[in-house]
Amino acid sequence: MAIIALPAFKDNYIWAIVNESKHTLLCVDPGDAQTVLTYAKNNQLILTHILITHHHTDHLGGVDELLQAFPKTIVYGPQDQRLPQVNYIVRNEDIVPIDHYAFRVLATPGHTCSHICYHEPSKSWLFCGDTLFSAGCGRVFDGTMEDLYHSLLSLKKLPQDTQVYCAHEYTRQNLQFATTVDPENPVIESYKTYLMQHPNACSLPSTIALEKKINPFLRTDTPALQIFAKNKGINPLDQFEIFKQLRKNKDHF
């Protein structure tokens, strides 16, 4: 078994999980078909399963072409009329069995109203699409701020060693923002320095443990973010109001 980051577009990652013994491949959010097709051809792999987190084109755009090349592929995803390619609808707490894995479906609305994540507890994997980024989170499109807040709280409760496979390489710019709202955080500063010294290195996967130290959107209960709230005239004990202000600031960063 190997998890491979396949870069696509400007900053997307298509996560590919390879079963070497069976020469098969499953992938998460293949926005670009050619990226997956090239990898499959070069490694003599057959695509058998696709996991979709939400309907945005940079996560979905390659599915039609991949189905033409591998017509038996099972495409898992949430129930959403904007996802006609999905041929196996999954819902919150469903289990998706693939090979020796059992992916638990987590409903995580907010970025979009039907966004889901895939958690494999025995492997400590989380494929979280655009809900959680390293040191950040997704913007709200057709979901709600309340939904996004509660979705992130649910992900925060996952085991500390959970490996976080986000769909975008946003970590460096997210850390730049994090220093503006949590300026005395030594973990943010040291991690930002390390990544700036290695500008081409993939920063993922992260872990839930690391995100709880560096991600402002998971730290609304900390003294540092309470100071941020006071400076913004917000009740420092109202975590949701702090979250909303953080998201507003990040949208204009």
# chains A, B, ... in the order shown; residues from 1 in each chain; ligands from 1
$ select_by_dssp --residues "range 1-238 of chain A" --states "helix (DSSP H, G or I)" --output "VMD selection string"
chain A and resid 33 to 42 57 to 60 63 to 69 145 to 156 171 to 181 186 to 197 208 to 214 216 to 218 223 to 231
$ write_last_selection --atoms "C-alpha atoms" --output "short mmCIF file (atom, residue, chain, number, x, y, z; two decimals), in the first residue's frame"
data_model
loop_
_atom_site.label_atom_id
_atom_site.label_comp_id
_atom_site.auth_asym_id
_atom_site.auth_seq_id
_atom_site.Cartn_x
_atom_site.Cartn_y
_atom_site.Cartn_z
CA ALA A 33 -8.16 12.94 -15.55
CA GLN A 34 -4.85 13.08 -17.39
CA THR A 35 -2.89 13.26 -14.15
CA VAL A 36 -4.45 10.00 -12.98
CA LEU A 37 -4.34 8.30 -16.39
CA THR A 38 -0.65 9.04 -16.79
CA TYR A 39 0.17 7.71 -13.34
CA ALA A 40 -1.93 4.58 -13.89
CA LYS A 41 -0.33 3.90 -17.28
CA ASN A 42 3.22 4.46 -16.08
CA THR A 57 -14.85 21.12 -10.72
CA ASP A 58 -11.27 20.95 -9.46
CA HIS A 59 -12.31 17.85 -7.48
CA LEU A 60 -14.71 16.31 -9.97
CA VAL A 63 -14.32 11.71 -13.44
CA ASP A 64 -16.13 11.45 -16.79
CA GLU A 65 -12.91 10.81 -18.70
CA LEU A 66 -11.70 8.34 -16.08
CA LEU A 67 -14.95 6.41 -16.37
CA GLN A 68 -14.44 6.20 -20.12
CA ALA A 69 -11.02 4.65 -19.54
CA MET A 145 -20.71 29.35 8.57
CA GLU A 146 -22.43 27.45 11.39
CA ASP A 147 -22.10 24.19 9.49
CA LEU A 148 -18.42 24.75 8.75
CA TYR A 149 -17.71 25.59 12.39
CA HIS A 150 -19.37 22.42 13.66
CA SER A 151 -17.76 20.30 10.94
CA LEU A 152 -14.32 21.47 12.03
CA LEU A 153 -15.15 20.80 15.67
CA SER A 154 -16.05 17.22 14.73
CA LEU A 155 -12.76 16.74 12.86
CA LYS A 156 -10.86 18.23 15.78
CA THR A 171 -0.07 25.57 4.06
CA ARG A 172 2.52 28.28 3.55
CA GLN A 173 0.04 31.08 2.89
CA ASN A 174 -2.20 29.80 5.68
CA LEU A 175 0.70 30.01 8.12
CA GLN A 176 1.34 33.57 6.98
CA PHE A 177 -2.23 34.39 7.97
CA ALA A 178 -1.99 32.42 11.22
CA THR A 179 0.91 34.59 12.39
CA THR A 180 -1.31 37.67 12.12
CA VAL A 181 -3.92 36.30 14.54
CA PRO A 186 6.28 29.42 18.43
CA VAL A 187 5.04 26.30 16.62
CA ILE A 188 3.50 28.38 13.85
CA GLU A 189 6.66 30.45 13.51
CA SER A 190 9.05 27.50 13.42
CA TYR A 191 6.90 25.51 11.00
CA LYS A 192 6.46 28.50 8.72
CA THR A 193 10.23 29.05 8.69
CA TYR A 194 10.86 25.40 7.86
CA LEU A 195 8.39 25.36 4.96
CA MET A 196 9.69 28.64 3.57
CA GLN A 197 13.17 27.10 3.54
CA ILE A 208 -4.78 16.48 13.93
CA ALA A 209 -2.22 17.00 16.71
CA LEU A 210 -0.26 19.49 14.60
CA GLU A 211 -3.40 21.27 13.40
CA LYS A 212 -4.52 21.84 16.99
CA LYS A 213 -1.22 23.71 17.51
CA ILE A 214 -1.09 25.77 14.29
CA PRO A 216 -6.42 29.24 14.11
CA PHE A 217 -9.79 27.78 13.11
CA LEU A 218 -9.24 24.92 15.56
CA PRO A 223 -5.87 32.46 25.16
CA ALA A 224 -4.15 33.70 22.00
CA LEU A 225 -7.38 33.75 20.02
CA GLN A 226 -9.22 35.27 22.98
CA ILE A 227 -6.77 38.17 22.77
CA PHE A 228 -7.52 38.40 19.04
CA ALA A 229 -11.23 38.53 19.90
CA LYS A 230 -10.79 41.32 22.44
CA ASN A 231 -8.85 43.35 19.90
#
$ closest_residue --among "A:His55, A:His49, A:His111, A:Lys72" --to "Pro97 in chain A" --atoms "only C-alpha atoms"
A:His49
$ residues_around --residues "range 76-84 of chain A" --least-positions-apart "6" --cutoff "8 Å" --atoms "only C-alpha atoms" --output "VMD selection string"
chain A and resid 49 to 55 90 to 91 114 to 116
$ write_last_selection --atoms "C-alpha atoms" --output "CSV table (one decimal), in the first residue's frame"
chain,number,residue,atom,x,y,z
A,49,HIS,CA,-12.6,3.3,-7.0
A,50,ILE,CA,-13.0,7.0,-6.8
A,51,LEU,CA,-13.9,8.9,-3.6
A,52,ILE,CA,-15.6,12.3,-4.1
A,53,THR,CA,-15.9,14.9,-1.3
A,54,HIS,CA,-17.8,17.6,-3.1
A,55,HIS,CA,-19.0,18.9,-6.4
A,90,VAL,CA,-22.9,7.5,0.7
A,91,ARG,CA,-24.2,9.3,3.8
A,114,SER,CA,-23.1,18.3,0.9
A,115,HIS,CA,-19.4,18.1,1.5
A,116,ILE,CA,-18.2,14.8,3.1
$ closest_residue --among "A:Gln163, A:Thr220, A:Ser122, A:Thr108" --to "Gly138 in chain A" --atoms "only C-alpha atoms"
A:Thr108
$ residues_around --residues "Thr112 in chain A" --least-positions-apart "6" --cutoff "7 Å" --atoms "only C-alpha atoms" --output "list in words"
Val140, Phe141, Asp142 and Gly143 of chain A
$ closest_residue --among "A:Ala5, A:Pro71, A:Cys128, A:Lys232" --to "Ala201 in chain A" --atoms "only C-alpha atoms"
A:Ala5
$ atom_distance --atom1 "CA of Lys250 in chain A" --atom2 "CA of Tyr170 in chain A"
12.4 Å
$ atom_distance --atom1 "CA of Pro159 in chain A" --atom2 "CA of Phe243 in chain A"
22.2 Å
$ closest_atom_pairs --of "range 82-133 of chain A" --to "range 12-24 of chain A" --cutoff "10 Å" --atoms "only C-alpha atoms" --output "JSON lines"
{"residue": "A:Asp99", "atom": "CA", "partner": "A:Asn19", "partner_atom": "CA", "distance": 8.4}
{"residue": "A:His100", "atom": "CA", "partner": "A:Asn19", "partner_atom": "CA", "distance": 9.8}
{"residue": "A:Phe127", "atom": "CA", "partner": "A:Trp15", "partner_atom": "CA", "distance": 8.3}
{"residue": "A:Gly129", "atom": "CA", "partner": "A:Tyr13", "partner_atom": "CA", "distance": 9.5}
$ atom_distance --atom1 "CA of Cys166 in chain A" --atom2 "CA of Leu126 in chain A"
8.2 Å
$ select_by_dssp --residues "range 17-248 of chain A" --states "strand (DSSP E)" --output "PyMOL selection string"
chain A and resi 17-19+24-28+46-51+74-77+88-89+95-98+101-107+116-120+125-129+132-133+136-137+163-166+206-207
